[in-house]
$ cat start39.pdb   # PDB, N, CA and C atoms
ATOM      1  N   PHE A1253       0.843  -1.184   0.000
ATOM      2  CA  PHE A1253       0.000   0.000   0.000
ATOM      3  C   PHE A1253       0.880   1.235   0.000
ATOM      4  N   GLY A1254       0.577   2.160  -0.862
ATOM      5  CA  GLY A1254       1.309   3.412  -0.893
ATOM      6  C   GLY A1254       2.604   3.365  -1.683
ATOM      7  N   ALA A1255       2.959   2.196  -2.199
ATOM      8  CA  ALA A1255       4.190   2.086  -2.993
ATOM      9  C   ALA A1255       3.842   2.196  -4.474
ATOM     10  N   GLU A1256       4.865   2.243  -5.297
ATOM     11  CA  GLU A1256       4.672   2.352  -6.744
ATOM     12  C   GLU A1256       4.580   0.999  -7.429
ATOM     13  N   LEU A1257       4.447  -0.068  -6.671
ATOM     14  CA  LEU A1257       4.472  -1.395  -7.276
ATOM     15  C   LEU A1257       3.389  -1.558  -8.328
ATOM     16  N   ASP A1258       2.170  -1.172  -8.036
ATOM     17  CA  ASP A1258       1.083  -1.294  -9.010
ATOM     18  C   ASP A1258       1.420  -0.533 -10.289
ATOM     19  N   LEU A1259       1.886   0.674 -10.156
ATOM     20  CA  LEU A1259       2.258   1.493 -11.311
ATOM     21  C   LEU A1259       3.352   0.811 -12.133
ATOM     22  N   GLN A1260       4.372   0.313 -11.459
ATOM     23  CA  GLN A1260       5.479  -0.333 -12.165
ATOM     24  C   GLN A1260       5.033  -1.616 -12.857
ATOM     25  N   LEU A1261       4.175  -2.400 -12.220
ATOM     26  CA  LEU A1261       3.671  -3.622 -12.845
ATOM     27  C   LEU A1261       2.818  -3.297 -14.070
ATOM     28  N   ARG A1262       1.980  -2.304 -13.952
ATOM     29  CA  ARG A1262       1.123  -1.926 -15.084
ATOM     30  C   ARG A1262       1.941  -1.374 -16.247
ATOM     31  N   ARG A1263       2.969  -0.614 -15.954
ATOM     32  CA  ARG A1263       3.851  -0.113 -17.015
ATOM     33  C   ARG A1263       4.480  -1.251 -17.801
ATOM     34  N   ARG A1264       4.719  -2.360 -17.111
ATOM     35  CA  ARG A1264       5.336  -3.523 -17.750
ATOM     36  C   ARG A1264       4.297  -4.523 -18.261
ATOM     37  N   ARG A1265       3.036  -4.115 -18.203
ATOM     38  CA  ARG A1265       1.900  -4.935 -18.670
ATOM     39  C   ARG A1265       1.814  -6.287 -17.961
ATOM     40  N   CYS A1266       2.179  -6.311 -16.691
ATOM     41  CA  CYS A1266       2.040  -7.531 -15.890
ATOM     42  C   CYS A1266       0.579  -7.728 -15.523
ATOM     43  N   GLU A1267       0.101  -8.917 -15.690
ATOM     44  CA  GLU A1267      -1.289  -9.237 -15.361
ATOM     45  C   GLU A1267      -1.393 -10.230 -14.215
ATOM     46  N   THR A1268      -0.304 -10.935 -13.935
ATOM     47  CA  THR A1268      -0.308 -11.974 -12.915
ATOM     48  C   THR A1268       0.804 -11.722 -11.919
ATOM     49  N   VAL A1269       0.513 -11.932 -10.646
ATOM     50  CA  VAL A1269       1.531 -11.853  -9.605
ATOM     51  C   VAL A1269       1.589 -13.191  -8.884
ATOM     52  N   VAL A1270       2.796 -13.618  -8.563
ATOM     53  CA  VAL A1270       3.026 -14.828  -7.782
ATOM     54  C   VAL A1270       3.502 -14.368  -6.414
ATOM     55  N   ILE A1271       2.827 -14.844  -5.382
ATOM     56  CA  ILE A1271       3.113 -14.377  -4.033
ATOM     57  C   ILE A1271       3.570 -15.540  -3.159
ATOM     58  N   CYS A1272       4.604 -15.275  -2.361
ATOM     59  CA  CYS A1272       5.048 -16.203  -1.334
ATOM     60  C   CYS A1272       5.593 -15.351  -0.196
ATOM     61  N   GLY A1273       5.785 -15.952   0.957
ATOM     62  CA  GLY A1273       6.356 -15.175   2.042
ATOM     63  C   GLY A1273       6.014 -15.695   3.416
ATOM     64  N   VAL A1274       6.358 -14.901   4.395
ATOM     65  CA  VAL A1274       6.161 -15.242   5.796
ATOM     66  C   VAL A1274       4.780 -14.770   6.233
ATOM     67  N   ALA A1275       4.203 -15.480   7.140
ATOM     68  CA  ALA A1275       2.894 -15.154   7.715
ATOM     69  C   ALA A1275       1.787 -15.239   6.663
ATOM     70  N   THR A1276       1.534 -16.462   6.238
ATOM     71  CA  THR A1276       0.515 -16.716   5.213
ATOM     72  C   THR A1276      -0.790 -16.024   5.547
ATOM     73  N   ASN A1277      -1.206 -16.117   6.792
ATOM     74  CA  ASN A1277      -2.509 -15.586   7.208
ATOM     75  C   ASN A1277      -2.494 -14.076   7.444
ATOM     76  N   LEU A1278      -1.352 -13.449   7.306
ATOM     77  CA  LEU A1278      -1.273 -11.993   7.492
ATOM     78  C   LEU A1278      -0.742 -11.317   6.230
ATOM     79  N   GLY A1279       0.570 -11.253   6.090
ATOM     80  CA  GLY A1279       1.178 -10.531   4.973
ATOM     81  C   GLY A1279       0.842 -11.103   3.613
ATOM     82  N   VAL A1280       0.933 -12.425   3.475
ATOM     83  CA  VAL A1280       0.637 -13.045   2.183
ATOM     84  C   VAL A1280      -0.825 -12.827   1.822
ATOM     85  N   GLU A1281      -1.696 -13.097   2.779
ATOM     86  CA  GLU A1281      -3.132 -12.928   2.511
ATOM     87  C   GLU A1281      -3.481 -11.473   2.206
ATOM     88  N   ALA A1282      -2.927 -10.534   2.942
ATOM     89  CA  ALA A1282      -3.203  -9.116   2.701
ATOM     90  C   ALA A1282      -2.716  -8.686   1.325
ATOM     91  N   THR A1283      -1.537  -9.151   0.943
ATOM     92  CA  THR A1283      -0.993  -8.823  -0.374
ATOM     93  C   THR A1283      -1.852  -9.430  -1.476
ATOM     94  N   ALA A1284      -2.283 -10.665  -1.273
ATOM     95  CA  ALA A1284      -3.146 -11.325  -2.260
ATOM     96  C   ALA A1284      -4.468 -10.582  -2.411
ATOM     97  N   ARG A1285      -5.037 -10.161  -1.311
ATOM     98  CA  ARG A1285      -6.300  -9.403  -1.374
ATOM     99  C   ARG A1285      -6.119  -8.091  -2.132
ATOM    100  N   ALA A1286      -5.030  -7.399  -1.852
ATOM    101  CA  ALA A1286      -4.770  -6.126  -2.542
ATOM    102  C   ALA A1286      -4.591  -6.355  -4.035
ATOM    103  N   ALA A1287      -3.828  -7.374  -4.404
ATOM    104  CA  ALA A1287      -3.616  -7.674  -5.825
ATOM    105  C   ALA A1287      -4.922  -8.060  -6.497
ATOM    106  N   PHE A1288      -5.726  -8.856  -5.821
ATOM    107  CA  PHE A1288      -7.036  -9.258  -6.352
ATOM    108  C   PHE A1288      -7.921  -8.030  -6.558
ATOM    109  N   ASP A1289      -7.932  -7.139  -5.579
ATOM    110  CA  ASP A1289      -8.735  -5.908  -5.681
ATOM    111  C   ASP A1289      -8.277  -5.018  -6.832
ATOM    112  N   LEU A1290      -7.005  -5.124  -7.203
ATOM    113  CA  LEU A1290      -6.467  -4.342  -8.316
ATOM    114  C   LEU A1290      -6.566  -5.093  -9.646
ATOM    115  N   ASN A1291      -7.302  -6.202  -9.638
ATOM    116  CA  ASN A1291      -7.588  -7.001 -10.837
ATOM    117  C   ASN A1291      -6.389  -7.751 -11.419
ATOM    118  N   TYR A1292      -5.436  -8.112 -10.577
ATOM    119  CA  TYR A1292      -4.363  -8.991 -11.026
ATOM    120  C   TYR A1292      -4.815 -10.433 -10.904
ATOM    121  N   ASN A1293      -4.264 -11.292 -11.740
ATOM    122  CA  ASN A1293      -4.401 -12.729 -11.540
ATOM    123  C   ASN A1293      -3.404 -13.067 -10.441
ATOM    124  N   VAL A1294      -3.861 -13.719  -9.395
ATOM    125  CA  VAL A1294      -3.023 -13.972  -8.228
ATOM    126  C   VAL A1294      -2.734 -15.468  -8.115
ATOM    127  N   VAL A1295      -1.455 -15.782  -7.937
ATOM    128  CA  VAL A1295      -1.017 -17.160  -7.720
ATOM    129  C   VAL A1295      -0.255 -17.183  -6.403
ATOM    130  N   ILE A1296      -0.593 -18.136  -5.544
ATOM    131  CA  ILE A1296       0.096 -18.303  -4.278
ATOM    132  C   ILE A1296       0.956 -19.559  -4.366
ATOM    133  N   ALA A1297       2.248 -19.429  -4.114
ATOM    134  CA  ALA A1297       3.135 -20.592  -4.019
ATOM    135  C   ALA A1297       3.066 -21.063  -2.562
ATOM    136  N   ALA A1298       2.108 -21.939  -2.282
ATOM    137  CA  ALA A1298       1.757 -22.287  -0.905
ATOM    138  C   ALA A1298       2.903 -22.893  -0.113
ATOM    139  N   ASP A1299       3.724 -23.714  -0.749
ATOM    140  CA  ASP A1299       4.821 -24.335  -0.012
ATOM    141  C   ASP A1299       6.012 -23.385   0.169
ATOM    142  N   ALA A1300       5.894 -22.171  -0.343
ATOM    143  CA  ALA A1300       6.909 -21.135  -0.131
ATOM    144  C   ALA A1300       6.384 -20.068   0.834
ATOM    145  N   CYS A1301       5.360 -20.450   1.604
ATOM    146  CA  CYS A1301       4.770 -19.574   2.612
ATOM    147  C   CYS A1301       4.807 -20.297   3.952
ATOM    148  N   GLY A1302       4.629 -19.564   5.009
ATOM    149  CA  GLY A1302       4.589 -20.179   6.328
ATOM    150  C   GLY A1302       3.941 -19.254   7.327
ATOM    151  N   SER A1303       3.758 -19.765   8.530
ATOM    152  CA  SER A1303       3.149 -18.968   9.585
ATOM    153  C   SER A1303       3.708 -19.432  10.926
ATOM    154  N   VAL A1304       3.372 -18.732  11.978
ATOM    155  CA  VAL A1304       3.888 -19.092  13.302
ATOM    156  C   VAL A1304       3.293 -20.404  13.805
ATOM    157  N   ALA A1305       2.151 -20.787  13.268
ATOM    158  CA  ALA A1305       1.520 -22.057  13.641
ATOM    159  C   ALA A1305       1.002 -22.709  12.367
ATOM    160  N   PRO A1306       1.267 -23.996  12.187
ATOM    161  CA  PRO A1306       0.818 -24.677  10.961
ATOM    162  C   PRO A1306      -0.680 -24.519  10.699
ATOM    163  N   GLY A1307      -1.485 -24.519  11.707
ATOM    164  CA  GLY A1307      -2.927 -24.375  11.522
ATOM    165  C   GLY A1307      -3.319 -23.062  10.879
ATOM    166  N   LEU A1308      -2.602 -22.000  11.186
ATOM    167  CA  LEU A1308      -2.894 -20.692  10.585
ATOM    168  C   LEU A1308      -2.588 -20.713   9.097
ATOM    169  N   HIS A1309      -1.455 -21.287   8.733
ATOM    170  CA  HIS A1309      -1.081 -21.416   7.321
ATOM    171  C   HIS A1309      -2.108 -22.264   6.584
ATOM    172  N   GLU A1310      -2.408 -23.416   7.132
ATOM    173  CA  GLU A1310      -3.337 -24.337   6.467
ATOM    174  C   GLU A1310      -4.728 -23.729   6.302
ATOM    175  N   PHE A1311      -5.215 -23.023   7.313
ATOM    176  CA  PHE A1311      -6.538 -22.404   7.203
ATOM    177  C   PHE A1311      -6.563 -21.396   6.061
ATOM    178  N   ALA A1312      -5.551 -20.552   5.985
ATOM    179  CA  ALA A1312      -5.507 -19.557   4.914
ATOM    180  C   ALA A1312      -5.421 -20.216   3.546
ATOM    181  N   VAL A1313      -4.554 -21.224   3.414
ATOM    182  CA  VAL A1313      -4.348 -21.903   2.133
ATOM    183  C   VAL A1313      -5.581 -22.702   1.711
ATOM    184  N   ASP A1314      -6.262 -23.305   2.670
ATOM    185  CA  ASP A1314      -7.411 -24.157   2.353
ATOM    186  C   ASP A1314      -8.735 -23.400   2.232
ATOM    187  N   ASN A1315      -8.890 -22.303   2.972
ATOM    188  CA  ASN A1315     -10.204 -21.664   3.068
ATOM    189  C   ASN A1315     -10.307 -20.241   2.538
ATOM    190  N   ILE A1316      -9.264 -19.474   2.671
ATOM    191  CA  ILE A1316      -9.319 -18.052   2.288
ATOM    192  C   ILE A1316      -8.731 -17.810   0.904
ATOM    193  N   LEU A1317      -7.489 -18.193   0.715
ATOM    194  CA  LEU A1317      -6.775 -17.862  -0.512
ATOM    195  C   LEU A1317      -7.387 -18.457  -1.782
ATOM    196  N   PRO A1318      -7.963 -19.668  -1.757
ATOM    197  CA  PRO A1318      -8.550 -20.188  -3.002
ATOM    198  C   PRO A1318      -9.706 -19.343  -3.545
ATOM    199  N   ARG A1319     -10.268 -18.496  -2.723
ATOM    200  CA  ARG A1319     -11.369 -17.632  -3.181
ATOM    201  C   ARG A1319     -10.870 -16.456  -4.019
ATOM    202  N   ILE A1320      -9.582 -16.115  -3.874
ATOM    203  CA  ILE A1320      -9.052 -14.945  -4.571
ATOM    204  C   ILE A1320      -7.818 -15.254  -5.403
ATOM    205  N   ALA A1321      -7.347 -16.499  -5.342
ATOM    206  CA  ALA A1321      -6.090 -16.828  -6.020
ATOM    207  C   ALA A1321      -6.065 -18.297  -6.421
ATOM    208  N   ARG A1322      -5.135 -18.600  -7.307
ATOM    209  CA  ARG A1322      -4.828 -20.003  -7.606
ATOM    210  C   ARG A1322      -3.713 -20.412  -6.655
ATOM    211  N   VAL A1323      -3.974 -21.408  -5.845
ATOM    212  CA  VAL A1323      -3.001 -21.886  -4.866
ATOM    213  C   VAL A1323      -2.280 -23.086  -5.475
ATOM    214  N   ARG A1324      -0.966 -22.985  -5.599
ATOM    215  CA  ARG A1324      -0.177 -24.025  -6.239
ATOM    216  C   ARG A1324       1.094 -24.292  -5.437
ATOM    217  N   ARG A1325       1.764 -25.373  -5.773
ATOM    218  CA  ARG A1325       3.081 -25.658  -5.213
ATOM    219  C   ARG A1325       4.119 -24.913  -6.067
ATOM    220  N   THR A1326       5.254 -24.619  -5.478
ATOM    221  CA  THR A1326       6.301 -23.887  -6.173
ATOM    222  C   THR A1326       6.704 -24.578  -7.472
ATOM    223  N   ALA A1327       6.831 -25.893  -7.436
ATOM    224  CA  ALA A1327       7.218 -26.632  -8.649
ATOM    225  C   ALA A1327       6.205 -26.414  -9.773
ATOM    226  N   GLU A1328       4.931 -26.340  -9.443
ATOM    227  CA  GLU A1328       3.898 -26.097 -10.458
ATOM    228  C   GLU A1328       4.025 -24.690 -11.036
ATOM    229  N   VAL A1329       4.340 -23.727 -10.192
ATOM    230  CA  VAL A1329       4.506 -22.343 -10.657
ATOM    231  C   VAL A1329       5.700 -22.256 -11.603
ATOM    232  N   ILE A1330       6.796 -22.872 -11.220
ATOM    233  CA  ILE A1330       7.992 -22.844 -12.074
ATOM    234  C   ILE A1330       7.714 -23.541 -13.399
ATOM    235  N   GLU A1331       7.028 -24.654 -13.354
ATOM    236  CA  GLU A1331       6.706 -25.377 -14.592
ATOM    237  C   GLU A1331       5.829 -24.515 -15.502
ATOM    238  N   ALA A1332       4.856 -23.825 -14.944
ATOM    239  CA  ALA A1332       3.986 -22.957 -15.735
ATOM    240  C   ALA A1332       4.760 -21.813 -16.386
ATOM    241  N   LEU A1333       5.797 -21.332 -15.718
ATOM    242  CA  LEU A1333       6.610 -20.256 -16.271
ATOM    243  C   LEU A1333       7.463 -20.718 -17.436
ATOM    244  N   ARG A1334       7.729 -21.987 -17.516
ATOM    245  CA  ARG A1334       8.541 -22.528 -18.607
ATOM    246  C   ARG A1334       7.770 -22.614 -19.918
ATOM    247  N   VAL A1335       6.477 -22.605 -19.850
ATOM    248  CA  VAL A1335       5.648 -22.758 -21.050
ATOM    249  C   VAL A1335       5.662 -21.494 -21.878
TER     250      VAL A1335
END

$ encode --input "start39.pdb" --output "structure tokens"
Amino acid sequence: FGAELDLQLRRRRCETVVICGVATNLGVEATARAAFDLNYNVVIAADACGSVAPGLHEFAVDNILPRIARVRRTAEVIEALRV
């Protein structure tokens, strides 16, 4: 929020963002929601995310993120980029 990331992505005609990181249920989810609200195609590399408790990560990956993103394993994301 408040950064030029959206502007820079649009200048480069990016339509899809791949997100991974720490605190799946906080930072990753918030970033995914923002990207979704800005009409990006959102992909979550679920095995490249984590949280302080496994249950928090799993809840976000199983229940929240699939509503706004495609949740995939890192290997699947890399394979898709090769095409």

$ select_by_dssp --input "start39.pdb" --residues "chain A" --states "strand (DSSP E or B)" --output "list in words"
Thr1268, Val1269, Val1270, Ile1271, Cys1272, Gly1273, Val1274, Asn1293, Val1294, Val1295, Ile1296, Ala1297, Ala1298, Asp1299, Ala1300, Cys1301, Gly1302, Arg1322, Val1323 and Arg1324 of chain A

$ resolve_selection --input "start39.pdb" --expression "the PyMOL selection byres ((chain A and resi 1289-1300) around 8)" --output "number ranges by chain"
A: 1266-1274, 1283-1288, 1301-1302, 1313, 1317, 1320-1327, 1329

$ atom_distance --input "start39.pdb" --atom1 "atom CA of A:Ala1332" --atom2 "atom N of A:His1309"
25.1 Å

$ atom_distance --input "start39.pdb" --atom1 "atom CA of A:Ala1282" --atom2 "atom CA of A:Gln1260"
19.3 Å

$ select_by_dssp --input "start39.pdb" --residues "stretch 1260-1333 of chain A" --states "alpha helix (DSSP H)" --output "PyMOL selection string"
chain A and resi 1260-1263+1281-1289+1306-1311+1326-1333
